[in-house]
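Source file: entry.json. Holds: JSON, C-alpha atoms.
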```
[["chain", "number", "residue", "atom", "x", "y", "z"],
["A", 4, "PRO", "CA", 73.49, 88.96, 93.50],
["A", 5, "THR", "CA", 75.25, 90.97, 96.14],
["A", 6, "ASN", "CA", 73.34, 91.27, 99.41],
["A", 7, "LEU", "CA", 74.29, 94.61, 100.94],
["A", 8, "PRO", "CA", 71.33, 95.94, 102.94],
["A", 9, "ASN", "CA", 72.72, 99.50, 103.00],
["A", 10, "LEU", "CA", 73.43, 99.43, 99.27],
["A", 11, "PRO", "CA", 70.36, 97.70, 97.80],
["A", 12, "ASP", "CA", 70.92, 98.73, 94.18],
["A", 13, "CYS", "CA", 74.32, 97.01, 94.02],
["A", 14, "ARG", "CA", 74.11, 93.91, 91.84],
["A", 15, "ALA", "CA", 77.80, 92.92, 91.84],
["A", 16, "ILE", "CA", 81.13, 93.82, 93.43],
["A", 17, "LEU", "CA", 83.70, 93.42, 90.65],
["A", 18, "ASP", "CA", 86.87, 94.52, 92.46],
["A", 19, "LEU", "CA", 87.95, 96.00, 95.78],
["A", 20, "CYS", "CA", 91.00, 97.34, 97.57],
["A", 21, "ASN", "CA", 91.93, 98.61, 101.01],
["A", 22, "GLY", "CA", 92.84, 102.28, 100.92],
["A", 23, "SER", "CA", 95.66, 103.78, 102.95],
["A", 24, "ASP", "CA", 92.92, 105.82, 104.63],
["A", 25, "GLY", "CA", 91.42, 102.63, 106.13],
["A", 26, "ASN", "CA", 88.42, 102.65, 103.81],
["A", 27, "LEU", "CA", 87.41, 99.83, 101.50],
["A", 28, "TRP", "CA", 86.97, 100.85, 97.86],
["A", 29, "LEU", "CA", 84.57, 98.84, 95.69],
["A", 30, "GLY", "CA", 84.19, 98.64, 91.94],
["A", 31, "THR", "CA", 80.51, 97.79, 91.45],
["A", 32, "TYR", "CA", 77.77, 97.29, 88.93],
["A", 33, "PRO", "CA", 75.72, 99.38, 88.32],
["A", 34, "LEU", "CA", 76.64, 101.95, 90.99],
["A", 35, "GLY", "CA", 80.25, 102.54, 89.92],
["A", 36, "LEU", "CA", 82.88, 103.48, 92.50],
["A", 37, "VAL", "CA", 81.78, 103.04, 96.12],
["A", 38, "LYS", "CA", 83.67, 103.76, 99.35],
["A", 39, "PHE", "CA", 82.89, 101.83, 102.53],
["A", 40, "ASP", "CA", 83.94, 103.45, 105.82],
["A", 41, "PRO", "CA", 84.34, 100.66, 108.38],
["A", 42, "GLU", "CA", 84.25, 103.08, 111.34],
["A", 43, "THR", "CA", 80.84, 104.50, 110.49],
["A", 44, "LYS", "CA", 79.69, 101.44, 108.51],
["A", 45, "SER", "CA", 78.52, 103.80, 105.77],
["A", 46, "PHE", "CA", 78.75, 103.75, 101.99],
["A", 47, "SER", "CA", 79.52, 106.70, 99.68],
["A", 48, "ILE", "CA", 78.90, 106.50, 95.94],
["A", 49, "PHE", "CA", 81.33, 108.58, 93.90],
["A", 50, "THR", "CA", 80.06, 110.40, 90.85],
["A", 51, "GLU", "CA", 81.24, 113.29, 88.74],
["A", 52, "ARG", "CA", 78.95, 115.54, 90.77],
["A", 53, "SER", "CA", 80.31, 114.40, 94.16],
["A", 54, "SER", "CA", 83.92, 115.08, 93.20],
["A", 55, "PRO", "CA", 85.65, 118.41, 93.90],
["A", 56, "GLU", "CA", 87.50, 118.06, 90.58],
["A", 57, "PRO", "CA", 85.80, 117.43, 87.23],
["A", 58, "LEU", "CA", 85.92, 113.67, 86.59],
["A", 59, "PRO", "CA", 84.56, 111.38, 83.93],
["A", 60, "VAL", "CA", 81.28, 109.94, 85.11],
["A", 61, "LEU", "CA", 82.04, 107.09, 87.50],
["A", 62, "THR", "CA", 78.55, 105.60, 87.71],
["A", 63, "HIS", "CA", 76.31, 103.69, 85.32],
["A", 64, "PHE", "CA", 79.39, 101.85, 84.10],
["A", 65, "PRO", "CA", 80.71, 98.70, 85.66],
["A", 66, "ILE", "CA", 83.87, 99.70, 87.51],
["A", 67, "THR", "CA", 85.88, 96.55, 86.96],
["A", 68, "SER", "CA", 89.14, 97.47, 88.66],
["A", 69, "VAL", "CA", 90.16, 99.59, 91.63],
["A", 70, "ILE", "CA", 93.74, 100.28, 92.68],
["A", 71, "CYS", "CA", 94.59, 101.89, 96.00],
["A", 72, "GLY", "CA", 98.01, 103.52, 96.04],
["A", 73, "SER", "CA", 100.09, 103.76, 99.22],
["A", 74, "ASN", "CA", 100.11, 107.55, 98.77],
["A", 75, "GLY", "CA", 96.31, 107.72, 99.12],
["A", 76, "ASN", "CA", 95.51, 107.94, 95.41],
["A", 77, "ILE", "CA", 92.65, 105.86, 94.01],
["A", 78, "TRP", "CA", 92.46, 104.64, 90.42],
["A", 79, "ALA", "CA", 89.35, 103.10, 88.86],
["A", 80, "GLY", "CA", 88.92, 101.33, 85.54],
["A", 81, "SER", "CA", 85.76, 100.65, 83.59],
["A", 82, "GLN", "CA", 84.59, 97.84, 81.37],
["A", 83, "GLY", "CA", 85.60, 99.78, 78.26],
["A", 84, "GLY", "CA", 89.22, 99.86, 79.45],
["A", 85, "LYS", "CA", 89.12, 103.50, 80.48],
["A", 86, "GLY", "CA", 91.08, 104.45, 83.59],
["A", 87, "TYR", "CA", 90.11, 107.25, 85.91],
["A", 88, "PHE", "CA", 92.32, 108.96, 88.45],
["A", 89, "VAL", "CA", 90.05, 109.67, 91.36],
["A", 90, "GLY", "CA", 92.71, 111.38, 93.48],
["A", 91, "LYS", "CA", 93.20, 111.51, 97.19],
["A", 92, "VAL", "CA", 89.86, 111.02, 98.84]]
```
Once you've parsed the file, please lay out its structure as structure tokens.
Amino acid sequence: PTNLPNLPDCRAILDLCNGSDGNLWLGTYPLGLVKFDPETKSFSIFTERSSPEPLPVLTHFPITSVICGSNGNIWAGSQGGKGYFVGKV
């Protein structure tokens, strides 16, 4: 199990990448896509509802891969092989 006191429902970190924005992006189970801001030491969980653009639901699926592009774009992939463009965040 993953021991993250500020993210107690996280059972596993399956992938991560360092974003060009300085944030750490985590693919987790069962929370989905999570951003960690090292300056504030805070976590943000990304869902369809938290996105300014309509996105496929990014939670309740294991996010098994996260790619951080040098242009600030974030891509996330799920266990079923589906890829999601998260955009510049």
query: Any idea what the distance is between CA of Gly83 (chain A) and CA of Leu34 (chain A)?
result: 15.7 Å
May I have the protein, DNA and RNA residues with an atom at most 7 Å from (74.0, 99.6, 89.7), counting only C-alpha atoms in the file's coordinates, returned as a PDB file with C-alpha atoms, keeping the file's coordinate frame?
```pdb
ATOM      1  CA  ASP A  12      70.920  98.730  94.180  1.00  0.00           C
ATOM      2  CA  CYS A  13      74.320  97.010  94.020  1.00  0.00           C
ATOM      3  CA  ARG A  14      74.110  93.910  91.840  1.00  0.00           C
ATOM      4  CA  THR A  31      80.510  97.790  91.450  1.00  0.00           C
ATOM      5  CA  TYR A  32      77.770  97.290  88.930  1.00  0.00           C
ATOM      6  CA  PRO A  33      75.720  99.380  88.320  1.00  0.00           C
ATOM      7  CA  LEU A  34      76.640 101.950  90.990  1.00  0.00           C
ATOM      8  CA  GLY A  35      80.250 102.540  89.920  1.00  0.00           C
ATOM      9  CA  HIS A  63      76.310 103.690  85.320  1.00  0.00           C
TER      10      HIS A  63
END
```
- prompt: Given the choices A:Gln82, A:Ser68, A:Asn26, A:Asn76, which gets closest to Lys44 (chain A) if the distance is worked out from all atoms listed in the file?
  reply: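 Selected residue with least distance to Lys44 (chain A): A:Asn26.
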message: One decimal, in Å: what's the spacing between CA of Lys85 (chain A) and CA of Asp40 (chain A)?
response: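 These two atoms are separated by 25.9 Å.
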query: Near Gly30 (chain A), within 7 Å and counting all atoms listed in the file, which residues show up once chain neighbours fewer than 5 positions away are dropped, as an MDAnalysis selection string?
result: chainID A and resid 16:19 35:37 66:69
- request: Work out how far CA of Pro11 (chain A) is from CA of Val89 (chain A), in Å to one decimal.
  value: 23.9 Å
task: Check the smallest atom-to-atom distance from each of A:Pro65, A:Phe49, A:Leu27, A:Gly75 to Ala15 (chain A) using all atoms listed in the file, then report the winner.
output: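 With all atoms listed in the file as the atom set, the closest residue is A:Pro65.
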- request: Compare A:Thr43, A:Gly86, A:Asn74, A:Ala79 by their minimum atom-to-atom distance to Leu29 (chain A), counting only C-alpha atoms, and give me the closest one.
  value: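 With only C-alpha atoms as the atom set, the closest residue is A:Ala79.
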- prompt: For Gly22 (chain A), which residue out of A:Tyr87, A:Phe64, A:Phe46, A:Phe39 is the nearest one, using only C-alpha atoms?
  reply: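 With only C-alpha atoms as the atom set, the closest residue is A:Phe39.
Between Ser45 (chain A) and the residues A:Ser23, A:Ser81, A:Trp28, A:Ser73, the shortest atom-to-atom distance, using all atoms listed in the file, involves A:Trp28.
Of the residues under consideration (A:Cys71, A:Ile77, A:Gly25, A:Cys20), A:Gly25 shows the shortest atom-to-atom contact distance to Pro41 (chain A) when counting all atoms listed in the file.
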